[in-house]
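J.: Just one file: target-v4.cif, with mmCIF, C-alpha atoms.
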data_work
#
loop_
_atom_site.label_atom_id
_atom_site.label_comp_id
_atom_site.auth_asym_id
_atom_site.auth_seq_id
_atom_site.Cartn_x
_atom_site.Cartn_y
_atom_site.Cartn_z
CA MET A 1 169.37 95.13 -62.62
CA THR A 2 165.62 95.78 -62.76
CA SER A 3 164.50 98.48 -60.33
CA VAL A 4 161.13 98.03 -58.60
CA LEU A 5 159.28 100.58 -56.46
CA LEU A 6 156.82 98.94 -54.05
CA VAL A 7 154.03 101.06 -52.55
CA ASN A 8 152.00 99.31 -49.87
CA ARG A 9 150.32 100.32 -46.61
CA ASP A 10 151.28 97.12 -44.76
CA PRO A 11 154.80 97.61 -43.33
CA GLU A 12 155.42 93.91 -42.66
CA LEU A 13 154.28 92.84 -46.12
CA LEU A 14 156.26 95.67 -47.69
CA ALA A 15 159.46 94.61 -45.90
CA SER A 16 158.90 90.97 -46.87
CA LEU A 17 158.34 91.77 -50.56
CA GLU A 18 161.31 94.12 -50.66
CA ARG A 19 163.55 91.49 -49.06
CA ASP A 20 162.39 88.69 -51.37
CA LEU A 21 162.76 90.74 -54.54
CA ASN A 22 166.23 91.92 -53.58
CA ALA A 23 167.22 88.33 -52.82
CA ARG A 24 166.22 87.35 -56.36
CA GLY A 25 168.26 89.98 -58.12
CA TYR A 26 165.88 92.92 -58.29
CA ASP A 27 166.72 96.40 -56.99
CA ALA A 28 163.62 96.88 -54.84
CA THR A 29 162.70 99.98 -52.87
CA GLY A 30 159.63 100.08 -50.62
CA THR A 31 157.47 102.84 -49.18
CA HIS A 32 154.04 102.96 -47.55
CA ASP A 33 153.39 106.55 -48.63
CA THR A 34 152.41 107.66 -52.15
CA ALA A 35 153.88 111.14 -51.58
CA GLU A 36 157.23 109.56 -50.76
CA ALA A 37 156.87 107.33 -53.82
CA LEU A 38 156.47 110.44 -55.99
CA ALA A 39 159.57 111.93 -54.35
CA ILE A 40 161.54 108.75 -55.12
CA LEU A 41 160.37 108.84 -58.74
CA SER A 42 161.48 112.45 -59.04
CA ARG A 43 165.01 111.42 -57.99
CA ARG A 44 165.42 108.26 -60.05
CA ALA A 45 163.76 106.35 -62.87
CA MET A 46 162.20 103.00 -61.96
CA ASP A 47 161.62 100.07 -64.28
CA VAL A 48 158.50 98.87 -62.44
CA VAL A 49 156.09 100.39 -59.92
CA VAL A 50 153.78 98.12 -57.90
CA ALA A 51 151.10 100.14 -56.09
CA ASP A 52 148.22 99.24 -53.80
CA LEU A 53 144.98 100.53 -55.38
CA GLY A 54 143.57 101.07 -51.90
CA ALA A 55 146.36 103.42 -50.83
CA LEU A 56 145.52 107.11 -50.53
CA GLY A 57 146.62 108.86 -53.70
CA ALA A 58 147.28 105.67 -55.67
CA ASN A 59 145.48 107.00 -58.75
CA VAL A 60 147.53 110.20 -58.68
CA LEU A 61 150.71 108.16 -58.34
CA LEU A 62 149.84 105.97 -61.35
CA GLU A 63 148.93 109.02 -63.43
CA GLU A 64 152.27 110.61 -62.53
CA VAL A 65 154.13 107.42 -63.42
CA SER A 66 152.46 107.39 -66.83
CA ALA A 67 153.16 111.08 -67.42
CA ARG A 68 156.73 111.25 -66.09
CA SER A 69 158.10 107.92 -67.25
CA PRO A 70 156.11 106.15 -69.99
CA ARG A 71 158.70 103.36 -70.09
CA THR A 72 157.96 102.39 -66.47
CA LEU A 73 155.72 99.34 -66.08
CA ALA A 74 152.94 99.62 -63.50
CA LEU A 75 151.27 96.77 -61.62
CA VAL A 76 148.56 97.25 -59.01
CA THR A 77 147.32 95.20 -56.08
CA SER A 78 143.74 95.08 -54.81
CA LYS A 79 141.81 93.06 -52.23
CA GLU A 80 138.96 92.58 -54.70
CA VAL A 81 140.28 91.68 -58.15
CA GLY A 82 137.12 92.39 -60.10
CA ILE A 83 135.91 94.10 -63.25
CA ARG A 84 135.99 97.57 -61.69
CA ASP A 85 139.57 97.07 -60.49
CA TYR A 86 140.63 96.10 -63.99
CA ALA A 87 138.80 99.08 -65.46
CA GLN A 88 140.67 101.34 -63.03
CA ALA A 89 143.95 99.63 -63.92
CA ILE A 90 143.32 100.10 -67.65
CA GLU A 91 142.50 103.79 -67.17
CA SER A 92 145.70 104.29 -65.18
CA GLY A 93 147.91 102.46 -67.69
CA ALA A 94 148.75 99.51 -65.45
CA VAL A 95 149.57 96.16 -67.04
CA GLY A 96 148.21 93.83 -64.37
CA VAL A 97 146.22 93.42 -61.16
CA LEU A 98 147.40 91.20 -58.30
CA ARG A 99 145.23 90.07 -55.42
CA ALA A 100 146.15 91.66 -52.08
CA PRO A 101 147.80 90.77 -49.83
CA VAL A 102 150.15 89.78 -52.63
CA ARG A 103 152.46 86.79 -52.14
CA SER A 104 156.09 86.97 -53.23
CA PRO A 105 155.77 84.06 -55.75
CA ASP A 106 152.79 85.78 -57.42
CA MET A 107 154.66 89.08 -57.53
CA LEU A 108 157.77 87.47 -59.02
CA HIS A 109 155.75 85.60 -61.65
CA ALA A 110 153.90 88.77 -62.72
CA LEU A 111 157.17 90.74 -62.86
CA ARG A 112 158.91 88.09 -64.96
CA ALA A 113 155.99 87.82 -67.38
CA ALA A 114 155.61 91.58 -67.80
CA LEU A 115 159.34 92.14 -68.33
CA GLU A 116 159.61 89.18 -70.71
CA LEU A 117 156.68 90.37 -72.80
CA GLU A 118 158.22 93.84 -72.89
CA ALA A 119 161.53 92.46 -74.16
CA SER A 120 160.63 89.54 -76.43
CA PHE A 121 158.04 86.99 -77.50
CA PRO A 122 156.53 85.37 -74.37
CA ARG A 123 157.46 81.84 -73.42
CA ASN A 124 155.43 81.24 -70.28
CA LEU A 125 152.06 82.81 -69.54
CA GLY A 126 150.93 80.08 -67.16
CA GLY A 127 148.96 81.39 -64.19
CA LEU A 128 148.46 84.90 -65.55
CA PRO A 129 144.88 86.18 -65.88
CA LEU A 130 143.84 86.76 -69.49
CA ILE A 131 143.21 90.48 -68.95
CA ASP A 132 146.76 90.88 -67.61
CA VAL A 133 148.13 89.14 -70.70
CA LEU A 134 146.16 91.52 -72.93
CA LEU A 135 147.34 94.58 -71.02
CA MET A 136 150.97 93.44 -71.19
CA ALA A 137 150.73 92.65 -74.91
CA HIS A 138 149.20 96.08 -75.56
CA ARG A 139 151.83 97.84 -73.51
CA SER A 140 154.69 96.09 -75.33
CA ARG A 141 153.00 96.51 -78.75
CA ARG A 142 153.17 92.79 -79.50
CA SER A 143 151.75 91.07 -82.56
CA LEU A 144 150.46 87.66 -81.48
CA GLU A 145 147.51 85.33 -81.14
CA ILE A 146 146.31 84.52 -77.63
CA VAL A 147 144.56 81.18 -77.28
CA VAL A 148 142.34 80.47 -74.27
CA GLU A 149 142.00 76.71 -73.99
CA GLY A 150 138.82 75.11 -72.73
CA TRP A 151 135.74 73.19 -73.82
CA SER A 152 135.61 75.69 -76.66
CA ALA A 153 138.79 77.65 -77.35
CA GLY A 154 138.71 81.42 -77.62
CA HIS A 155 141.13 83.31 -79.85
CA ILE A 156 142.24 86.94 -79.53
CA PHE A 157 144.54 88.54 -82.08
CA LEU A 158 146.70 91.63 -81.54
CA GLU A 159 148.83 93.53 -84.02
CA ARG A 160 151.35 95.98 -82.60
CA GLY A 161 149.41 95.88 -79.34
CA GLU A 162 146.01 96.68 -80.86
CA LEU A 163 143.10 94.25 -80.89
CA ILE A 164 142.24 93.29 -84.47
CA HIS A 165 140.14 90.12 -84.16
CA ALA A 166 138.47 87.81 -81.64
CA GLY A 167 136.57 84.60 -82.08
CA LEU A 168 134.67 82.11 -79.96
CA ARG A 169 132.52 79.50 -81.72
CA ASP A 170 130.16 81.51 -83.96
CA LEU A 171 130.90 84.88 -82.32
CA LEU A 172 133.41 87.19 -84.00
CA GLY A 173 134.86 90.60 -83.22
CA GLU A 174 133.84 92.73 -80.25
CA PRO A 175 130.80 90.55 -79.32
CA ALA A 176 133.18 87.62 -78.79
CA LEU A 177 135.52 89.47 -76.45
CA PRO A 178 133.41 89.58 -73.25
CA ARG A 179 132.48 85.92 -73.77
CA ILE A 180 136.18 84.99 -74.03
CA LEU A 181 137.03 87.08 -70.97
CA GLY A 182 134.27 85.28 -69.08
CA LEU A 183 135.49 81.78 -69.91
CA PRO A 184 136.39 79.60 -66.90
CA ALA A 185 140.03 79.86 -65.94
CA GLY A 186 142.12 77.64 -68.15
CA SER A 187 145.34 77.53 -70.09
CA VAL A 188 146.37 80.77 -71.81
CA ARG A 189 149.08 80.60 -74.42
CA ALA A 190 150.50 82.93 -77.04
CA VAL A 191 151.50 81.95 -80.57
CA VAL A 192 152.94 83.86 -83.51
CA LEU A 193 150.35 85.98 -85.30
CA PRO A 194 149.18 84.11 -88.43
CA PRO A 195 150.07 85.87 -91.71
CA SER A 196 146.44 86.12 -92.85
CA THR A 197 144.43 87.21 -89.80
CA PRO A 198 140.81 88.37 -90.21
CA ARG A 199 140.07 91.89 -88.99
CA SER A 200 136.83 92.19 -87.09
CA ILE A 201 137.85 94.89 -84.57
CA SER A 202 138.74 98.41 -85.67
CA ARG A 203 138.44 100.53 -82.52
CA ALA A 204 141.35 101.37 -80.23
CA PHE A 205 142.44 98.92 -77.52
CA ARG A 206 141.31 100.72 -74.36
CA PRO A 207 137.69 101.54 -75.30
CA VAL A 208 137.21 98.05 -76.75
CA LEU A 209 138.52 96.34 -73.62
CA LEU A 210 136.65 98.67 -71.26
CA ASP A 211 133.37 98.04 -73.13
CA ALA A 212 134.02 94.29 -72.98
CA LEU A 213 134.58 94.50 -69.22
CA ARG A 214 131.39 96.53 -68.77
CA ALA A 215 129.46 93.96 -70.80
CA LEU A 216 130.95 91.18 -68.70
CA ASP A 217 130.13 93.05 -65.48
CA GLY A 218 126.54 93.51 -66.66
CA ALA A 219 126.23 89.84 -67.50
CA ASP A 220 127.48 88.89 -64.03
CA ALA A 221 125.16 91.30 -62.20
CA PRO A 222 122.22 89.70 -60.35
#
Take the structure I supplied and represent it as structure tokens, if you would.
T.:
Amino acid sequence: MTSVLLVNRDPELLASLERDLNARGYDATGTHDTAEALAILSRRAMDVVVADLGALGANVLLEEVSARSPRTLALVTSKEVGIRDYAQAIESGAVGVLRAPVRSPDMLHALRAALELEASFPRNLGGLPLIDVLLMAHRSRRSLEIVVEGWSAGHIFLERGELIHAGLRDLLGEPALPRILGLPAGSVRAVVLPPSTPRSISRAFRPVLLDALRALDGADAP
């Protein structure tokens, strides 16, 4: 049974999420206090931690999760799911950002997708933001091609969780990445990595993705 630690300041929402997750076969434990969350983590290992970015000490909690239990997946919730939230999530090692107040169906979908990508090749990525898909693929060290459907399809290639190539129309490599991330929301699907994939990206995953997010943030600024 997958264990989930929920950290949220809203007691009613926390109780609702804990109840819904337990009803669907998860072993969910909830707390509104990050200090108590750290105490729980010191007593038992958790498969997943879902923390509110706005909670006092949330960054410390996520750093401790990464240091104490690298196998534990981390998801975060935030009222404003923007570029800066994703940058914070990447720095803390989280694999996804959910809009707060998070709804149980959204939480369950993100949990299923993250756990499935951790265990095997993904079957259903519908509804997941592209950045979350990239973070999950990196975390699980997957080799795959991610296709973003639209008027002009964008393609992102990962090998063992590292970005190796991206393409959108005539753009290739790192310059293509912010443009793909900025595409209107559409269908995101994953396919098996082709045997002969071009290599236009050589830097490590985190700095490449953070630079792409900064470029996208700059492009969106008034």
J.: Return the single residue from A:Glu162, A:Ala215, A:Phe157, A:Thr197 that is closest to Gly182 in chain A, with distances computed using only C-alpha atoms.
T.: A:Ala215
J.: Please provide as JSON, numbers by chain all residues within 8 Å of Ser66 in chain A, with the sequence filter that same-chain residues fewer than 4 positions apart are discarded (counting all atoms listed in the file).
T.: {"A": [62, 70, 72, 92, 93]}
J.: Output the selection as a PDB file, in the frame of the given file - C-alpha atoms for each residue.
T.:
ATOM      1  CA  LEU A  62     149.840 105.970 -61.350  1.00  0.00           C
ATOM      2  CA  PRO A  70     156.110 106.150 -69.990  1.00  0.00           C
ATOM      3  CA  THR A  72     157.960 102.390 -66.470  1.00  0.00           C
ATOM      4  CA  SER A  92     145.700 104.290 -65.180  1.00  0.00           C
ATOM      5  CA  GLY A  93     147.910 102.460 -67.690  1.00  0.00           C
TER       6      GLY A  93
END
J.: Separation of CA of Pro101 in chain A and CA of Ile40 in chain A, in Å?
T.: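 Interatomic distance, CA of Pro101 in chain A to CA of Ile40 in chain A: 23.2 Å.
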J.: Find the residue from A:Gly173, A:Glu116, A:Gly218, A:Ser187 that sits nearest to Arg203 in chain A; use all atoms listed in the file when measuring.
T.: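 Distance minimum relative to Arg203 in chain A lands on A:Gly173.
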J.: Report, in Å with one decimal, the straight-line distance from CA of Met46 in chain A to CA of Ala94 in chain A.
T.: 14.3 Å
J.: Pro105 in chain A: which residues within 10 Å, counting only C-alpha atoms, same-chain residues fewer than 4 positions away excluded, as a VMD selection string?
T.: chain A and resid 17 20 to 21 109 to 111
J.: Between CA of Ser140 in chain A and CA of Ser69 in chain A, what is the distance, to one decimal in Å?
T.: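 Here the two named atoms are 14.7 Å from each other.
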J.: Go through range 30-98 of chain A and flag each residue having an atom no more than 10 Å from range 1-13 of chain A; for those, report the closest pair of atoms plus their distance in Å to one decimal, using all atoms listed in the file, ordered by chain and rising number, as a Markdown table.
T.:
| residue | atom | partner | partner_atom | distance |
| --- | --- | --- | --- | --- |
| A:Gly30 | CA | A:Leu6 | CA | 4.6 |
| A:Thr31 | CA | A:Val7 | CA | 5.1 |
| A:His32 | CA | A:Arg9 | CA | 4.7 |
| A:Asp33 | CA | A:Val7 | CA | 6.8 |
| A:Thr34 | CA | A:Val7 | CA | 6.8 |
| A:Glu36 | CA | A:Val7 | CA | 9.3 |
| A:Ala37 | CA | A:Val7 | CA | 7.0 |
| A:Ile40 | CA | A:Leu5 | CA | 8.6 |
| A:Leu41 | CA | A:Leu5 | CA | 8.6 |
| A:Arg44 | CA | A:Ser3 | CA | 9.8 |
| A:Ala45 | CA | A:Ser3 | CA | 8.3 |
| A:Met46 | CA | A:Ser3 | CA | 5.3 |
| A:Asp47 | CA | A:Ser3 | CA | 5.1 |
| A:Val48 | CA | A:Val4 | CA | 4.7 |
| A:Val49 | CA | A:Leu5 | CA | 4.7 |
| A:Val50 | CA | A:Leu6 | CA | 5.0 |
| A:Ala51 | CA | A:Val7 | CA | 4.7 |
| A:Asp52 | CA | A:Asn8 | CA | 5.5 |
| A:Leu53 | CA | A:Asn8 | CA | 9.0 |
| A:Gly54 | CA | A:Arg9 | CA | 8.6 |
| A:Ala55 | CA | A:Arg9 | CA | 6.6 |
| A:Leu56 | CA | A:Arg9 | CA | 9.2 |
| A:Ala58 | CA | A:Val7 | CA | 8.7 |
| A:Leu61 | CA | A:Val7 | CA | 9.7 |
| A:Thr72 | CA | A:Val4 | CA | 9.5 |
| A:Leu73 | CA | A:Val4 | CA | 9.3 |
| A:Ala74 | CA | A:Leu5 | CA | 9.5 |
| A:Leu75 | CA | A:Leu6 | CA | 9.6 |
| A:Val76 | CA | A:Val7 | CA | 9.3 |
| A:Thr77 | CA | A:Asn8 | CA | 8.8 |
J.: For range 143-160 of chain A, what centre and edge lengths in Å (one decimal) does the axis-aligned box get once 8 Å is added on each side of all its listed atoms, as AutoDock Vina command-line options?
T.:
--center_x 143.7 --center_y 84.6 --center_z -78.4 --size_x 32.1 --size_y 38.8 --size_z 27.3
J.: Could you list the residues chosen by the PyMOL selection byres ((chain A and resi 164) around 10) in this structure as a list in words?
T.: Ser143, Ile156, Phe157, Leu158, Glu159, Arg160, Gly161, Glu162, Leu163, His165, Ala166, Gly173, Glu174, Thr197, Pro198, Arg199, Ser200, Ile201, Ser202, Arg203, Ala204 and Phe205 of chain A
J.: Using the selection just defined, write its residues with C-alpha atoms as a compact mmCIF listing (two decimals), in the coordinates of the input.
T.:
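New file selection_28.txt:
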# COMPACT_ATOMS: atom_id res chain seq x y z
CA SER A 143 151.75 91.07 -82.56
CA ILE A 156 142.24 86.94 -79.53
CA PHE A 157 144.54 88.54 -82.08
CA LEU A 158 146.70 91.63 -81.54
CA GLU A 159 148.83 93.53 -84.02
CA ARG A 160 151.35 95.98 -82.60
CA GLY A 161 149.41 95.88 -79.34
CA GLU A 162 146.01 96.68 -80.86
CA LEU A 163 143.10 94.25 -80.89
CA HIS A 165 140.14 90.12 -84.16
CA ALA A 166 138.47 87.81 -81.64
CA GLY A 173 134.86 90.60 -83.22
CA GLU A 174 133.84 92.73 -80.25
CA THR A 197 144.43 87.21 -89.80
CA PRO A 198 140.81 88.37 -90.21
CA ARG A 199 140.07 91.89 -88.99
CA SER A 200 136.83 92.19 -87.09
CA ILE A 201 137.85 94.89 -84.57
CA SER A 202 138.74 98.41 -85.67
CA ARG A 203 138.44 100.53 -82.52
CA ALA A 204 141.35 101.37 -80.23
CA PHE A 205 142.44 98.92 -77.52
J.: Could you pull the residues within 8 Å of Val81 in chain A, counting all atoms listed in the file, minus those fewer than 5 positions along the same chain, as a ChimeraX atom specification?
T.: /A:86,97-99
J.: Tell me which of A:Val191, A:Leu172, A:Arg112, A:Asp132 sits closest to Ile146 in chain A, counting only C-alpha atoms.
T.: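 Checking each candidate against Ile146 in chain A, we get A:Val191 as the closest.
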J.: I need the residue nearest Ala137 in chain A from this list: A:Leu177, A:Leu117, A:Met107, A:Leu209. Use only C-alpha atoms for the distance.
T.: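 When distances to Ala137 in chain A are compared using only C-alpha atoms, the smallest one comes from A:Leu117.
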J.: May I ask which of the residues A:Ser78, A:Ser196, A:Gln88, A:Asn22 is the closest one to Ala100 in chain A, counting all atoms listed in the file?
T.: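 Selected residue with least distance to Ala100 in chain A: A:Ser78.
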J.: Measuring atom to atom with only C-alpha atoms, identify which of A:Leu168, A:Val148, A:His155, A:Leu210 is nearest to Leu193 in chain A.
T.: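 So, comparing all the options, the nearest one is A:His155.
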